[in-house]
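Enquirer: I'm passing along final12.txt; it holds compact mmCIF, C-alpha atoms.
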# COMPACT_ATOMS: atom_id res chain seq x y z
CA MET A 15 22.23 -49.61 -56.07
CA SER A 16 20.94 -47.04 -53.58
CA GLY A 17 17.80 -47.49 -51.55
CA PRO A 18 14.71 -45.31 -51.60
CA PRO A 19 15.15 -41.71 -50.39
CA ILE A 20 14.53 -40.99 -46.71
CA PRO A 21 11.36 -38.94 -46.17
CA LYS A 22 11.83 -35.46 -44.77
CA LEU A 23 10.16 -36.08 -41.43
CA PRO A 24 11.28 -35.20 -37.90
CA GLY A 25 13.82 -37.77 -36.76
CA TYR A 26 14.76 -38.94 -40.27
CA THR A 27 17.07 -36.04 -41.17
CA ILE A 28 20.53 -35.26 -39.78
CA SER A 29 21.80 -31.70 -39.34
CA LEU A 30 25.60 -31.57 -39.57
CA PRO A 31 27.79 -28.49 -39.02
CA GLN A 32 29.15 -26.69 -42.05
CA SER A 33 32.59 -28.13 -41.39
CA LEU A 34 33.06 -31.62 -40.02
CA GLY A 35 35.99 -30.29 -38.04
CA ASP A 36 33.77 -27.76 -36.22
CA LYS A 37 32.84 -29.53 -33.01
CA ARG A 38 31.72 -26.46 -31.02
CA LEU A 39 28.13 -27.43 -30.34
CA SER A 40 27.84 -25.72 -26.93
CA LYS A 41 25.37 -22.94 -26.26
CA GLY A 42 26.79 -19.43 -26.38
CA GLN A 43 27.29 -17.37 -23.23
CA SER A 44 24.48 -14.88 -22.57
CA LEU A 45 25.81 -13.23 -19.40
CA THR A 46 28.55 -10.67 -19.01
CA TYR A 47 30.08 -9.04 -15.92
CA VAL A 48 30.06 -5.25 -15.47
CA ASN A 49 31.91 -3.92 -12.41
CA GLY A 50 31.66 -7.33 -10.79
CA TYR A 51 27.88 -7.80 -11.39
CA ALA A 52 26.36 -10.33 -13.78
CA ARG A 53 24.42 -8.69 -16.59
CA GLU A 54 22.37 -10.31 -19.33
CA GLN A 55 23.22 -9.46 -22.89
CA PRO A 56 20.83 -6.84 -24.33
CA MET A 57 18.22 -8.14 -26.73
CA ARG A 58 18.71 -7.43 -30.39
CA GLU A 59 16.10 -5.32 -32.11
CA VAL A 60 15.21 -5.84 -35.78
CA LYS A 61 14.96 -2.48 -37.52
CA ASP A 62 14.57 -3.38 -41.20
CA VAL A 63 12.53 -6.41 -42.28
CA ALA A 64 13.88 -8.05 -45.40
CA LEU A 65 11.57 -8.22 -48.43
CA ARG A 66 10.46 -11.61 -49.67
CA GLU A 67 11.50 -12.67 -53.16
CA THR A 68 10.01 -15.32 -55.41
CA GLY A 69 12.46 -18.02 -56.47
CA SER A 70 12.60 -19.94 -59.68
CA LEU A 71 10.42 -22.74 -58.33
CA GLY A 72 7.74 -20.40 -57.02
CA GLN A 73 8.96 -20.67 -53.44
CA ASP A 74 9.27 -17.62 -51.20
CA THR A 75 12.79 -16.80 -50.10
CA ALA A 76 14.06 -14.02 -47.84
CA THR A 77 17.42 -12.33 -47.61
CA PHE A 78 18.76 -10.88 -44.34
CA SER A 79 21.62 -8.52 -43.64
CA PRO A 80 22.78 -9.01 -40.01
CA SER A 81 25.07 -5.99 -40.12
CA LYS A 82 22.18 -3.64 -40.96
CA SER A 83 19.10 -5.26 -39.44
CA THR A 84 20.21 -5.72 -35.82
CA SER A 85 21.56 -3.39 -33.16
CA PHE A 86 21.85 -3.24 -29.38
CA THR A 87 19.26 -1.12 -27.56
CA ASP A 88 21.07 -0.77 -24.22
CA SER A 89 24.54 0.32 -23.32
CA PRO A 90 26.55 -2.76 -22.26
CA SER A 91 28.61 -0.69 -19.78
CA LYS A 92 25.60 0.39 -17.64
CA LEU A 93 24.98 -1.31 -14.31
CA PRO A 94 21.89 -3.50 -14.03
CA GLN A 95 18.76 -1.79 -12.79
CA TRP A 96 18.49 -4.02 -9.72
CA VAL A 97 22.03 -2.96 -8.68
CA GLU A 98 21.76 0.74 -9.46
CA ASN A 99 18.40 1.11 -7.66
CA ASP A 100 18.95 -1.44 -4.91
CA ARG A 101 16.86 -0.67 -1.77
CA LYS A 102 15.40 2.47 -3.32
CA VAL A 103 11.67 2.66 -2.71
CA LEU A 104 9.23 5.49 -3.46
CA ARG A 105 6.55 5.85 -0.79
CA PHE A 106 3.25 7.67 -1.20
CA TYR A 107 0.44 8.16 1.31
CA GLY A 108 -3.17 8.21 0.22
CA PHE A 109 -6.68 6.87 0.70
CA PHE A 110 -9.68 5.51 -1.13
CA LYS A 111 -13.39 5.73 -0.41
CA GLU A 112 -15.37 2.60 0.31
CA SER A 113 -19.17 2.61 0.34
CA VAL A 114 -20.93 1.23 3.42
CA VAL A 115 -24.50 -0.05 3.30
CA GLU A 116 -26.94 -0.99 6.06
CA SER A 117 -25.27 1.16 8.71
CA ASN A 118 -26.78 4.00 10.73
CA ILE A 119 -23.33 5.37 11.61
CA GLU A 120 -21.76 5.90 8.17
CA ASN A 121 -22.55 5.62 4.47
CA HIS A 122 -18.91 5.60 3.34
CA ARG A 123 -15.54 4.91 4.89
CA ILE A 124 -12.14 6.54 4.32
CA ARG A 125 -9.45 3.87 4.23
CA LYS A 126 -5.87 5.14 4.42
CA MET A 127 -3.21 3.46 2.31
CA VAL A 128 0.56 3.51 1.77
CA LEU A 129 1.78 2.86 -1.78
CA TYR A 130 5.31 1.55 -2.32
CA TYR A 131 7.12 1.63 -5.69
CA TYR A 132 10.34 -0.43 -5.89
CA LEU A 133 12.78 1.09 -8.37
CA GLU A 134 14.91 -2.05 -8.67
CA ASP A 135 12.27 -4.05 -10.58
CA ASP A 136 9.36 -1.56 -11.07
CA SER A 137 7.13 -3.58 -8.76
CA MET A 138 4.56 -2.11 -6.38
CA HIS A 139 2.57 -3.07 -3.33
CA VAL A 140 -0.12 -1.30 -1.32
CA ALA A 141 -0.47 -1.61 2.46
CA GLU A 142 -3.14 -0.39 4.86
CA PRO A 143 -2.04 0.65 8.38
CA LYS A 144 -3.72 -1.47 11.02
CA GLN A 145 -6.26 0.21 13.28
CA ASP A 146 -7.53 -1.14 16.59
CA ASN A 147 -11.06 -2.53 16.59
CA SER A 148 -11.65 -1.58 12.96
CA GLY A 149 -13.64 -4.72 12.23
CA ILE A 150 -12.03 -5.16 8.80
CA PRO A 151 -8.93 -7.11 7.75
CA GLN A 152 -6.00 -4.73 7.32
CA GLY A 153 -2.32 -4.97 6.48
CA THR A 154 -1.10 -5.89 2.99
CA PHE A 155 -3.81 -4.71 0.61
CA ILE A 156 -2.09 -5.58 -2.70
CA LYS A 157 0.90 -7.92 -2.73
CA ARG A 158 4.13 -6.87 -4.39
CA HIS A 159 4.23 -7.39 -8.15
CA LYS A 160 4.28 -5.36 -11.36
CA LEU A 161 0.91 -3.65 -11.63
CA THR A 162 -0.70 -2.93 -14.96
CA LYS A 163 -2.71 0.14 -15.90
CA GLU A 164 -6.36 0.20 -16.79
CA ASP A 165 -5.59 -1.02 -20.32
CA GLY A 166 -4.17 -4.24 -18.85
CA VAL A 167 -1.05 -4.11 -21.05
CA SER A 168 1.36 -1.33 -19.97
CA PHE A 169 2.89 -1.09 -16.50
CA PHE A 170 3.08 1.84 -14.09
CA THR A 171 6.17 4.06 -14.16
CA PRO A 172 7.37 6.63 -11.57
CA SER A 173 6.43 9.51 -13.87
CA GLU A 174 2.73 8.78 -13.35
CA PHE A 175 2.65 9.48 -9.59
CA ASN A 176 2.36 12.87 -7.94
CA VAL A 177 0.89 14.30 -4.75
CA GLY A 178 -2.67 15.44 -5.43
CA ASP A 179 -3.24 13.01 -8.32
CA SER A 180 -5.28 9.82 -8.37
CA VAL A 181 -4.25 6.40 -9.63
CA THR A 182 -6.57 3.51 -10.53
CA ILE A 183 -5.39 0.01 -9.66
CA TYR A 184 -7.59 -2.99 -10.42
CA GLY A 185 -10.71 -0.81 -10.66
CA ARG A 186 -10.11 1.00 -7.36
CA THR A 187 -9.11 4.68 -7.35
CA PHE A 188 -6.47 5.80 -4.85
CA PHE A 189 -5.94 9.51 -4.05
CA LEU A 190 -2.33 10.44 -3.21
CA THR A 191 -2.04 13.00 -0.41
CA ASP A 192 1.64 12.97 0.61
CA ALA A 193 5.10 11.48 -0.02
CA ASP A 194 8.15 10.98 2.17
CA SER A 195 11.32 13.10 1.95
CA PHE A 196 13.31 10.54 -0.09
CA THR A 197 10.58 10.38 -2.71
CA ARG A 198 10.44 14.17 -3.02
CA ASP A 199 14.24 14.41 -3.38
CA TRP A 200 14.30 11.61 -5.95
CA TYR A 201 11.73 13.31 -8.15
CA CYS A 202 13.64 16.60 -7.95
CA ALA A 203 16.87 14.88 -9.01
CA ASN A 204 15.46 12.68 -11.79
CA TYR A 205 12.39 14.51 -13.10
CA ASN A 206 13.16 18.07 -11.94
CA ARG A 207 9.69 18.13 -10.37
CA GLU A 208 8.69 19.81 -7.13
CA MET A 209 5.84 17.97 -5.44
CA SER A 210 3.03 19.92 -3.83
CA GLU A 211 2.55 20.13 -0.08
CA ALA A 212 0.83 17.40 1.88
CA LEU A 213 -2.96 17.35 1.59
CA PRO A 214 -5.28 16.60 4.54
CA TYR A 215 -7.39 13.49 4.68
CA PRO A 216 -11.16 13.97 4.31
CA ASN A 217 -13.39 13.60 7.34
CA ASP A 218 -14.44 10.07 8.13
CA PRO A 219 -17.96 9.73 9.62
CA VAL A 220 -16.88 6.92 11.91
CA ASP A 221 -13.99 8.87 13.50
CA ASN A 222 -16.30 10.77 15.87
CA TYR A 223 -18.01 7.54 16.84
CA ARG A 224 -14.70 5.85 17.62
CA ALA A 225 -13.46 8.86 19.60
CA THR A 226 -16.67 8.95 21.67
CA PHE A 227 -16.30 5.34 22.81
CA GLY A 228 -12.53 5.51 23.31
CA LEU A 229 -11.62 3.37 20.32
CA THR A 230 -8.98 5.74 18.95
CA ARG A 231 -5.37 5.79 20.12
CA SER A 232 -4.51 8.27 22.82
CA SER A 233 -1.11 9.90 23.38
CA GLY A 234 0.48 6.47 23.88
CA ASN A 235 0.35 3.37 21.74
CA THR A 236 -2.88 1.96 23.20
CA THR A 237 -6.50 3.00 23.31
CA ASN A 238 -8.47 3.99 26.41
CA ARG A 239 -10.07 0.59 26.71
CA MET A 240 -6.74 -1.15 26.32
CA ASP A 241 -5.27 1.06 29.07
CA ASP A 242 -8.04 0.02 31.48
CA PHE A 243 -7.54 -3.65 30.63
CA LYS A 244 -3.76 -3.26 31.07
CA ARG A 245 -4.20 -1.77 34.55
CA TYR A 246 -6.61 -4.57 35.48
CA ILE A 247 -4.12 -7.28 34.44
CA GLU A 248 -1.26 -5.58 36.30
CA ALA A 249 -3.36 -5.32 39.46
CA ARG A 250 -4.29 -9.01 39.22
CA LEU A 251 -0.60 -9.88 38.93
CA GLY A 252 0.17 -8.04 42.19
CA LYS A 253 1.32 -4.59 41.13
CA PRO A 254 0.63 -2.00 43.88
CA SER A 255 -2.25 0.32 43.16
CA HIS A 256 -0.21 3.51 43.76
CA LEU A 257 2.15 2.48 40.93
CA LEU A 258 -0.58 2.06 38.37
CA ASN A 259 -1.05 4.76 35.76
CA GLY A 260 -4.04 6.75 36.97
CA ASP A 261 -4.58 5.15 40.38
CA LYS A 262 -8.36 4.86 40.57
CA LEU A 263 -8.34 2.98 43.89
CA ARG A 264 -6.62 5.87 45.63
CA GLN A 265 -9.08 8.30 44.10
CA PHE A 266 -12.00 6.11 45.20
CA LEU A 267 -10.77 5.91 48.82
CA GLU A 268 -10.06 9.63 49.09
CA HIS A 269 -13.47 10.70 47.80
CA ASN A 270 -15.50 7.92 49.40
CA LYS A 271 -19.00 9.04 50.55
CA ARG A 272 -18.59 12.41 48.85
CA VAL A 273 -21.56 13.21 46.67
CA LEU A 274 -22.35 16.33 44.63
CA ARG A 275 -26.04 17.30 44.98
CA PHE A 276 -27.97 19.69 42.77
CA TRP A 277 -31.61 20.84 42.92
CA CYS A 278 -33.23 21.30 39.54
CA ILE A 279 -36.70 21.78 38.05
CA TRP A 280 -38.20 20.46 34.85
CA ASP A 281 -40.85 22.92 33.64
CA ASP A 282 -43.08 21.12 31.15
CA ARG A 283 -46.25 23.18 31.55
CA GLN A 284 -46.25 24.35 27.92
CA GLN A 285 -47.14 20.85 26.78
CA MET A 286 -50.51 19.19 27.26
CA TYR A 287 -50.80 17.70 30.75
CA GLY A 288 -47.39 19.19 31.53
CA ASP A 289 -46.32 20.07 35.04
CA ARG A 290 -43.50 21.72 37.01
CA ARG A 291 -41.47 18.83 38.42
CA PRO A 292 -38.68 19.28 41.01
CA TYR A 293 -35.69 16.92 40.98
CA VAL A 294 -32.55 16.25 42.99
CA LEU A 295 -29.44 15.38 40.95
CA ARG A 296 -26.74 13.47 42.78
CA SER A 297 -23.32 12.73 41.27
CA PRO A 298 -20.64 10.74 43.16
CA TYR A 299 -17.40 12.70 43.44
CA ILE A 300 -15.03 9.98 42.22
I'd like the structure from this file rewritten - as structure tokens, please.

Expert:
Amino acid sequence: MSGPPIPKLPGYTISLPQSLGDKRLSKGQSLTYVNGYAREQPMREVKDVALRETGSLGQDTATFSPSKSTSFTDSPSKLPQWVENDRKVLRFYGFFKESVVESNIENHRIRKMVLYYYLEDDSMHVAEPKQDNSGIPQGTFIKRHKLTKEDGVSFFTPSEFNVGDSVTIYGRTFFLTDADSFTRDWYCANYNREMSEALPYPNDPVDNYRATFGLTRSSGNTTNRMDDFKRYIEARLGKPSHLLNGDKLRQFLEHNKRVLRFWCIWDDRQQMYGDRRPYVLRSPYI
């Protein structure tokens, strides 16, 4: 006499292989090696969806044909993308405009950027060259990862970048003005596209202000103020004055007590209570 049937609940049923002699329960291999590099098996793509049929008991059943419904999308003999495009990076130069409020010097600012596109994994990152005394944090602007377009679903591809075009990333519009030589050659070889010549950056209102007060870099790698501070530190450490770049002590001793004197007149008689005032202008010759 048999007992009551076991309910069909998780943990109460046993799934046995089709043949009791088939003991191969291991997981199948999903990696292959192509020219010495590990490559994952391409995903199968279902082309034809089988139609559902109604069985004798009113239950829906489906029939599948593996030989017709699945196929490989990639060629298994091709090298992986991260091997074929290893250390290949597309580099674009550009800028974006940032509004500035509550400033009597500028109402907008031009911030220069460098956009990098890594061909090995289609990731990108945006960096901003550091500028002395800018007053804003600079460096890595957007960390490296796969960036999505404005729709938030699809990713950027190399075909969407070109000198003179604009690209919107996370609500901010970047204008591309130039590309390096490798990027231009790569587009000619893969897309048969000749990029336009480099475009100039627009004028920044704060550039004249920074140049006036010596905040921009001179011919060397330091600014005017940094050069003065460097000479001061070297003099404090005992470096002779005649070896300093631009020996101001020597110039001061040679032109000591030499003064340029000019006689001038300010004629203000056209205004009310104006007068003709003589002046003496003295300028030390240092």

Enquirer: Please compute the atom CA of A:Trp277-atom CA of A:Arg291 distance, one decimal, in Å.

Expert: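 Value for the atom CA of A:Trp277-atom CA of A:Arg291 distance: 11.0 Å.
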
Enquirer: For a test of reading the model, state the distance in Å between atom CA of A:Thr182 and atom CA of A:Arg105, rounded to one decimal.

Expert: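 Atom CA of A:Arg105 lies at a distance of 16.5 Å from atom CA of A:Thr182.
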
Enquirer: Would you kindly return, as a PDB file with C-alpha atoms, in the coordinates of the input, each protein, DNA or RNA residue with an atom no farther than 10 Å from any atom of A:Val181, considering all atoms listed in the file and excluding same-chain residues fewer than 4 positions away?

Expert:
ATOM      1  CA  LYS A 163      -2.710   0.140 -15.900  1.00  0.00           C
ATOM      2  CA  GLU A 164      -6.360   0.200 -16.790  1.00  0.00           C
ATOM      3  CA  PHE A 170       3.080   1.840 -14.090  1.00  0.00           C
ATOM      4  CA  GLU A 174       2.730   8.780 -13.350  1.00  0.00           C
ATOM      5  CA  PHE A 175       2.650   9.480  -9.590  1.00  0.00           C
ATOM      6  CA  ASN A 176       2.360  12.870  -7.940  1.00  0.00           C
ATOM      7  CA  GLY A 185     -10.710  -0.810 -10.660  1.00  0.00           C
ATOM      8  CA  ARG A 186     -10.110   1.000  -7.360  1.00  0.00           C
ATOM      9  CA  THR A 187      -9.110   4.680  -7.350  1.00  0.00           C
ATOM     10  CA  PHE A 188      -6.470   5.800  -4.850  1.00  0.00           C
ATOM     11  CA  PHE A 189      -5.940   9.510  -4.050  1.00  0.00           C
ATOM     12  CA  LEU A 190      -2.330  10.440  -3.210  1.00  0.00           C
TER      13      LEU A 190
END

Enquirer: Kindly give the distance, in Å, that separates atom CA of A:Ser195 and atom CA of A:Glu142, rounded to a single decimal.

Expert: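 Between atom CA of A:Ser195 and atom CA of A:Glu142 the gap is 20.0 Å.
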
Enquirer: Hey, what's within 7 Å of stretch 211-227 of chain A if we count all atoms listed in the file and toss same-chain stuff fewer than 5 positions away? As a list in words, please?

Expert: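 Here the qualifying residues turn out to be Ile119, Glu120, Arg123, Ile124, Thr191 and Asp192 of chain A.
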
Enquirer: Given only C-alpha atoms as the basis, pick out the residue of A:Lys126, A:Gln284, A:Cys278, A:Ala141 nearest to A:Gly153.

Expert: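 Selected residue with least distance to A:Gly153: A:Ala141.
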
Enquirer: So, with all atoms listed in the file as the atoms that count, which of A:Arg264, A:Arg272, A:Leu104, A:Leu161 lies closest to A:Asp199?

Expert: A:Leu104

Enquirer: Nearest residue to A:Asp179 out of A:Thr46, A:Tyr205, A:Met127, A:Gly108, using only C-alpha atoms?

Expert: A:Gly108

Enquirer: Please provide as a PyMOL selection string all residues within 9 Å of A:Tyr299, with the sequence filter that same-chain residues fewer than 2 positions apart are discarded (counting all atoms listed in the file).

Expert: chain A and resi 266+269-274+297

Enquirer: Tell me which of A:Arg290, A:Gly25, A:Pro94, A:Ile20 sits closest to A:Gly50, counting only C-alpha atoms.

Expert: A:Pro94
